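J.: The structure that follows is given in the form of structure tokens.
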Amino acid sequence: MYRNCRNGAFLLLALACLGSASGCATVKSYWPWHKAPPAAPQPVRELEVTFPADMAIPVVLQFWERNTLVIDMQQVPPSGQFRLTRQGEKTWPVRIAFRMSPARFETLQVQGAQRVVLPLSTGSSDTVTADLAPSAYNKDTRALVVSWGARNTF
């Protein structure tokens, strides 16, 4: 009986030491979950988004992903348009991309220095990020008009 108590006390002491050491900063670096999850991207307001007066204003967020400004169009209605303009004397971002859900609309058109039409496959329900060609806008482009809707609209 004395031996069982001694083994139980040793086990209890070992668990207490392990529990107190697990909170130590040097020991935490050895655990597989020691890294914090990556932070969610923070919305920015790099470009002005202007909607027509007769359209309800949806949420269009902008995020930086490395050197690409991503315009998030996941909350827009099935068809519509908006204008992207620079703020004051700022220059255009180096790269612009559009994140959208292909189930909502079939085609995205961007009118700037050049007209770019991006067809989307409606079979996918996943989110798609499409890069805009750098030739679609230049330093003299005043605004980008972004339109979306059914394939036969454009």
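Going by the structure tokens order, chains are called A, B, ..., each with residues numbered from 1, while ligands are numbered from 1 in the order shown.
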Residues within 8 Å of range 99-101 of chain A, please, as a PDB file with N, CA, C and O atoms, in the first residue's frame. Count only C-alpha atoms; anything in the same chain fewer than 6 positions from it doesn't count.
T.:
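After the write, out.pdb holds the following:
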ATOM      1  N   VAL A  70      -6.479  43.979 -53.886  1.00  0.00           N
ATOM      2  CA  VAL A  70      -7.581  43.082 -54.210  1.00  0.00           C
ATOM      3  C   VAL A  70      -8.893  43.784 -53.898  1.00  0.00           C
ATOM      4  O   VAL A  70      -9.122  44.221 -52.773  1.00  0.00           O
ATOM      5  N   ILE A  71      -9.747  43.897 -54.926  1.00  0.00           N
ATOM      6  CA  ILE A  71     -11.077  44.475 -54.776  1.00  0.00           C
ATOM      7  C   ILE A  71     -12.028  43.299 -54.561  1.00  0.00           C
ATOM      8  O   ILE A  71     -12.204  42.466 -55.444  1.00  0.00           O
ATOM      9  N   ASP A  72     -12.642  43.235 -53.394  1.00  0.00           N
ATOM     10  CA  ASP A  72     -13.512  42.111 -53.032  1.00  0.00           C
ATOM     11  C   ASP A  72     -14.940  42.406 -53.472  1.00  0.00           C
ATOM     12  O   ASP A  72     -15.603  43.278 -52.928  1.00  0.00           O
ATOM     13  N   MET A  73     -15.421  41.651 -54.464  1.00  0.00           N
ATOM     14  CA  MET A  73     -16.759  41.848 -55.032  1.00  0.00           C
ATOM     15  C   MET A  73     -17.703  40.702 -54.670  1.00  0.00           C
ATOM     16  O   MET A  73     -18.646  40.426 -55.393  1.00  0.00           O
ATOM     17  N   GLN A  74     -17.513  40.061 -53.561  1.00  0.00           N
ATOM     18  CA  GLN A  74     -18.341  38.919 -53.192  1.00  0.00           C
ATOM     19  C   GLN A  74     -19.726  39.324 -52.699  1.00  0.00           C
ATOM     20  O   GLN A  74     -20.630  38.502 -52.671  1.00  0.00           O
ATOM     21  N   SER A 125     -18.254  27.037 -57.407  1.00  0.00           N
ATOM     22  CA  SER A 125     -18.842  27.817 -56.311  1.00  0.00           C
ATOM     23  C   SER A 125     -17.768  28.461 -55.450  1.00  0.00           C
ATOM     24  O   SER A 125     -18.069  29.198 -54.529  1.00  0.00           O
ATOM     25  N   ASP A 126     -16.499  28.168 -55.743  1.00  0.00           N
ATOM     26  CA  ASP A 126     -15.401  28.733 -54.980  1.00  0.00           C
ATOM     27  C   ASP A 126     -15.152  30.185 -55.387  1.00  0.00           C
ATOM     28  O   ASP A 126     -15.510  30.620 -56.471  1.00  0.00           O
ATOM     29  N   THR A 127     -14.499  30.902 -54.517  1.00  0.00           N
ATOM     30  CA  THR A 127     -14.127  32.275 -54.794  1.00  0.00           C
ATOM     31  C   THR A 127     -12.963  32.295 -55.781  1.00  0.00           C
ATOM     32  O   THR A 127     -12.042  31.505 -55.679  1.00  0.00           O
ATOM     33  N   VAL A 128     -13.026  33.227 -56.732  1.00  0.00           N
ATOM     34  CA  VAL A 128     -11.996  33.352 -57.765  1.00  0.00           C
ATOM     35  C   VAL A 128     -11.366  34.735 -57.642  1.00  0.00           C
ATOM     36  O   VAL A 128     -12.065  35.727 -57.454  1.00  0.00           O
ATOM     37  N   THR A 129     -10.044  34.808 -57.775  1.00  0.00           N
ATOM     38  CA  THR A 129      -9.344  36.081 -57.815  1.00  0.00           C
ATOM     39  C   THR A 129      -8.721  36.222 -59.189  1.00  0.00           C
ATOM     40  O   THR A 129      -7.893  35.414 -59.586  1.00  0.00           O
ATOM     41  N   ALA A 130      -9.167  37.260 -59.931  1.00  0.00           N
ATOM     42  CA  ALA A 130      -8.681  37.484 -61.296  1.00  0.00           C
ATOM     43  C   ALA A 130      -7.832  38.745 -61.318  1.00  0.00           C
ATOM     44  O   ALA A 130      -8.267  39.812 -60.874  1.00  0.00           O
TER      45      ALA A 130
END
J.: Quick one: residues within 7 Å of Leu84 in chain A, only C-alpha atoms counted, chain neighbours fewer than 5 positions away excluded, as JSON, numbers by chain?
T.: {"A": [47, 48, 49, 50, 143, 144, 145]}
J.: What lies within 7 Å of Thr68 in chain A using only C-alpha atoms, ignoring chain neighbours under 6 positions off, as a list in words?
T.: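 My reading of the contact set: Val94, Arg95, Ile96 and Ala97 of chain A.
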J.: Please write the residues from the selection above to a file, keeping N, CA and C atoms, as a tab-separated table (two decimals), in the first residue's frame.
T.:
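So the final result, stored in again_6.tsv, reads:
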chain	number	residue	atom	x	y	z
A	94	VAL	N	0.31	49.04	-58.28
A	94	VAL	CA	1.09	48.31	-59.27
A	94	VAL	C	0.24	47.21	-59.90
A	95	ARG	N	-0.48	46.49	-59.07
A	95	ARG	CA	-1.33	45.41	-59.56
A	95	ARG	C	-2.70	45.53	-58.91
A	96	ILE	N	-3.74	45.24	-59.69
A	96	ILE	CA	-5.12	45.23	-59.19
A	96	ILE	C	-5.71	43.87	-59.53
A	97	ALA	N	-6.43	43.30	-58.58
A	97	ALA	CA	-7.13	42.03	-58.81
A	97	ALA	C	-8.54	42.15	-58.27
J.: Residues at most 12 Å from Thr91 in chain A, counting only C-alpha atoms, excluding those fewer than 3 positions away in the same chain, as an NGL selection string?
T.: :A and (46-47 or 85-88 or 94-95 or 137-143)
J.: Generate the output file for the selected residues, N, CA, C and O atoms, as a compact mmCIF listing (two decimals), in the first residue's frame.
T.:
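Result file is out-v4.txt:
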# COMPACT_ATOMS: atom_id res chain seq x y z
N GLU A 46 -7.75 52.40 -50.59
CA GLU A 46 -6.73 52.90 -51.50
C GLU A 46 -7.36 53.64 -52.68
O GLU A 46 -6.84 54.65 -53.13
N LEU A 47 -8.48 53.12 -53.18
CA LEU A 47 -9.19 53.73 -54.31
C LEU A 47 -10.60 54.12 -53.87
O LEU A 47 -11.20 53.47 -53.02
N THR A 85 -11.63 55.29 -58.70
CA THR A 85 -10.81 56.46 -58.98
C THR A 85 -9.72 56.57 -57.92
O THR A 85 -9.87 56.10 -56.80
N ARG A 86 -8.64 57.23 -58.28
CA ARG A 86 -7.55 57.45 -57.35
C ARG A 86 -7.94 58.54 -56.34
O ARG A 86 -8.74 59.42 -56.65
N GLN A 87 -7.35 58.48 -55.19
CA GLN A 87 -7.57 59.51 -54.18
C GLN A 87 -6.54 60.61 -54.35
O GLN A 87 -5.34 60.37 -54.21
N GLY A 88 -6.99 61.79 -54.70
CA GLY A 88 -6.08 62.92 -54.83
C GLY A 88 -5.02 62.70 -55.87
O GLY A 88 -5.28 62.32 -57.00
N VAL A 94 0.31 49.04 -58.28
CA VAL A 94 1.09 48.31 -59.27
C VAL A 94 0.24 47.21 -59.90
O VAL A 94 0.22 47.02 -61.10
N ARG A 95 -0.48 46.49 -59.07
CA ARG A 95 -1.33 45.41 -59.56
C ARG A 95 -2.70 45.53 -58.91
O ARG A 95 -2.80 45.84 -57.73
N TYR A 137 -4.78 49.95 -67.49
CA TYR A 137 -4.74 51.32 -66.95
C TYR A 137 -3.30 51.81 -66.99
O TYR A 137 -2.36 51.02 -66.97
N ASN A 138 -3.14 53.10 -67.10
CA ASN A 138 -1.80 53.70 -67.06
C ASN A 138 -1.85 54.91 -66.13
O ASN A 138 -2.88 55.18 -65.52
N LYS A 139 -0.77 55.66 -66.06
CA LYS A 139 -0.71 56.77 -65.10
C LYS A 139 -1.69 57.89 -65.45
O LYS A 139 -2.07 58.66 -64.57
N ASP A 140 -2.13 57.97 -66.71
CA ASP A 140 -3.06 59.02 -67.12
C ASP A 140 -4.52 58.61 -67.02
O ASP A 140 -5.40 59.44 -67.25
N THR A 141 -4.81 57.36 -66.70
CA THR A 141 -6.18 56.88 -66.59
C THR A 141 -6.85 57.56 -65.40
O THR A 141 -6.35 57.51 -64.29
N ARG A 142 -7.97 58.20 -65.67
CA ARG A 142 -8.67 58.92 -64.60
C ARG A 142 -9.51 58.00 -63.73
O ARG A 142 -9.62 58.21 -62.53
N ALA A 143 -10.13 56.99 -64.35
CA ALA A 143 -11.01 56.09 -63.60
C ALA A 143 -11.08 54.75 -64.30
O ALA A 143 -10.86 54.64 -65.51
J.: Among chain A, which residues does DSSP mark as helix (DSSP H, G or I) when it is run on the backbone? Keep the chain and numbering as in the structure and answer as a PyMOL selection string.
T.: chain A and resi 2-21+25-28+134-136+151-153
J.: Can you list, as a PyMOL selection string, every residue of range 11-153 of chain A that DSSP puts in strand (DSSP E or B)?
T.: chain A and resi 44+47-50+61-65+68-72+80-86+95-100+107-111+115-119+128-131+143-149
J.: Quick one: write out the picked residues with N, CA and C atoms as a compact mmCIF listing (two decimals), in the first residue's frame?
T.:
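Wrote selection.txt, looks like this:
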# COMPACT_ATOMS: atom_id res chain seq x y z
N VAL A 44 -8.47 48.22 -46.51
CA VAL A 44 -7.87 49.53 -46.74
C VAL A 44 -8.79 50.33 -47.65
N LEU A 47 -8.48 53.12 -53.18
CA LEU A 47 -9.19 53.73 -54.31
C LEU A 47 -10.60 54.12 -53.87
N GLU A 48 -11.12 55.17 -54.48
CA GLU A 48 -12.49 55.59 -54.23
C GLU A 48 -13.43 54.72 -55.06
N VAL A 49 -14.47 54.20 -54.44
CA VAL A 49 -15.47 53.38 -55.13
C VAL A 49 -16.75 54.20 -55.20
N THR A 50 -17.23 54.45 -56.44
CA THR A 50 -18.43 55.26 -56.65
C THR A 50 -19.46 54.43 -57.41
N LEU A 61 -14.94 45.72 -50.45
CA LEU A 61 -13.75 45.92 -49.62
C LEU A 61 -12.50 45.87 -50.47
N GLN A 62 -11.42 46.46 -49.97
CA GLN A 62 -10.13 46.46 -50.63
C GLN A 62 -9.10 45.93 -49.63
N PHE A 63 -8.24 45.03 -50.12
CA PHE A 63 -7.20 44.44 -49.29
C PHE A 63 -5.88 44.45 -50.05
N TRP A 64 -4.80 44.55 -49.32
CA TRP A 64 -3.48 44.37 -49.92
C TRP A 64 -3.06 42.93 -49.72
N GLU A 65 -2.66 42.27 -50.79
CA GLU A 65 -2.01 40.97 -50.73
C GLU A 65 -0.68 41.12 -51.44
N THR A 68 -0.40 43.56 -54.52
CA THR A 68 -1.63 43.55 -55.30
C THR A 68 -2.78 44.09 -54.46
N LEU A 69 -3.49 45.07 -55.00
CA LEU A 69 -4.70 45.56 -54.34
C LEU A 69 -5.85 44.69 -54.81
N VAL A 70 -6.48 43.98 -53.89
CA VAL A 70 -7.58 43.08 -54.21
C VAL A 70 -8.89 43.78 -53.90
N ILE A 71 -9.75 43.90 -54.93
CA ILE A 71 -11.08 44.48 -54.78
C ILE A 71 -12.03 43.30 -54.56
N ASP A 72 -12.64 43.23 -53.39
CA ASP A 72 -13.51 42.11 -53.03
C ASP A 72 -14.94 42.41 -53.47
N GLY A 80 -24.38 45.03 -62.29
CA GLY A 80 -24.22 46.42 -61.89
C GLY A 80 -22.89 46.97 -62.35
N GLN A 81 -22.55 48.14 -61.80
CA GLN A 81 -21.26 48.74 -62.15
C GLN A 81 -20.86 49.73 -61.06
N PHE A 82 -19.57 50.04 -61.03
CA PHE A 82 -19.04 51.09 -60.17
C PHE A 82 -17.78 51.64 -60.81
N ARG A 83 -17.35 52.79 -60.30
CA ARG A 83 -16.12 53.45 -60.78
C ARG A 83 -15.07 53.40 -59.69
N LEU A 84 -13.85 53.11 -60.09
CA LEU A 84 -12.70 53.18 -59.20
C LEU A 84 -11.87 54.38 -59.61
N THR A 85 -11.63 55.29 -58.70
CA THR A 85 -10.81 56.46 -58.98
C THR A 85 -9.72 56.57 -57.92
N ARG A 86 -8.64 57.23 -58.28
CA ARG A 86 -7.55 57.45 -57.35
C ARG A 86 -7.94 58.54 -56.34
N ARG A 95 -0.48 46.49 -59.07
CA ARG A 95 -1.33 45.41 -59.56
C ARG A 95 -2.70 45.53 -58.91
N ILE A 96 -3.74 45.24 -59.69
CA ILE A 96 -5.12 45.23 -59.19
C ILE A 96 -5.71 43.87 -59.53
N ALA A 97 -6.43 43.30 -58.58
CA ALA A 97 -7.13 42.03 -58.81
C ALA A 97 -8.54 42.15 -58.27
N PHE A 98 -9.43 41.33 -58.79
CA PHE A 98 -10.82 41.32 -58.37
C PHE A 98 -11.15 39.93 -57.81
N ARG A 99 -11.69 39.91 -56.59
CA ARG A 99 -12.11 38.65 -55.98
C ARG A 99 -13.63 38.59 -56.07
N MET A 100 -14.12 37.49 -56.64
CA MET A 100 -15.56 37.38 -56.86
C MET A 100 -16.01 35.93 -56.77
N THR A 107 -19.67 37.47 -66.20
CA THR A 107 -18.65 38.26 -66.88
C THR A 107 -18.33 39.51 -66.07
N LEU A 108 -17.06 39.87 -66.11
CA LEU A 108 -16.59 41.11 -65.48
C LEU A 108 -15.89 41.93 -66.56
N GLN A 109 -16.30 43.19 -66.69
CA GLN A 109 -15.68 44.08 -67.68
C GLN A 109 -15.06 45.26 -66.95
N VAL A 110 -13.83 45.60 -67.33
CA VAL A 110 -13.13 46.75 -66.76
C VAL A 110 -12.76 47.66 -67.92
N GLN A 111 -13.21 48.91 -67.84
CA GLN A 111 -12.94 49.91 -68.88
C GLN A 111 -12.03 50.97 -68.30
N ARG A 115 -10.18 48.22 -72.71
CA ARG A 115 -11.35 47.46 -72.25
C ARG A 115 -10.91 46.02 -72.06
N VAL A 116 -11.17 45.48 -70.87
CA VAL A 116 -10.83 44.10 -70.55
C VAL A 116 -12.09 43.39 -70.11
N VAL A 117 -12.39 42.24 -70.75
CA VAL A 117 -13.54 41.43 -70.39
C VAL A 117 -13.02 40.11 -69.84
N LEU A 118 -13.43 39.81 -68.62
CA LEU A 118 -13.00 38.58 -67.96
C LEU A 118 -14.19 37.63 -67.84
N PRO A 119 -14.28 36.59 -68.68
CA PRO A 119 -15.38 35.62 -68.53
C PRO A 119 -15.10 34.70 -67.35
N VAL A 128 -13.03 33.23 -56.73
CA VAL A 128 -12.00 33.35 -57.77
C VAL A 128 -11.37 34.73 -57.64
N THR A 129 -10.04 34.81 -57.77
CA THR A 129 -9.34 36.08 -57.81
C THR A 129 -8.72 36.22 -59.19
N ALA A 130 -9.17 37.26 -59.93
CA ALA A 130 -8.68 37.48 -61.30
C ALA A 130 -7.83 38.74 -61.32
N ASP A 131 -6.61 38.62 -61.84
CA ASP A 131 -5.71 39.77 -61.96
C ASP A 131 -6.08 40.60 -63.18
N ALA A 143 -10.13 56.99 -64.35
CA ALA A 143 -11.01 56.09 -63.60
C ALA A 143 -11.08 54.75 -64.30
N LEU A 144 -11.41 53.73 -63.53
CA LEU A 144 -11.71 52.41 -64.07
C LEU A 144 -13.19 52.17 -63.83
N VAL A 145 -13.92 51.87 -64.91
CA VAL A 145 -15.34 51.55 -64.79
C VAL A 145 -15.47 50.04 -64.80
N VAL A 146 -15.97 49.49 -63.71
CA VAL A 146 -16.09 48.04 -63.54
C VAL A 146 -17.56 47.68 -63.67
N SER A 147 -17.88 46.81 -64.65
CA SER A 147 -19.25 46.34 -64.87
C SER A 147 -19.26 44.83 -64.79
N TRP A 148 -20.36 44.27 -64.35
CA TRP A 148 -20.49 42.82 -64.25
C TRP A 148 -21.92 42.43 -64.50
N GLY A 149 -22.11 41.19 -64.88
CA GLY A 149 -23.46 40.68 -65.13
C GLY A 149 -23.44 39.41 -65.96
J.: Can you measure CA of Pro93 in chain A to CA of Arg45 in chain A for me? One decimal in Å is fine.
T.: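 Rounded to one decimal, the two atoms are 11.9 Å apart.
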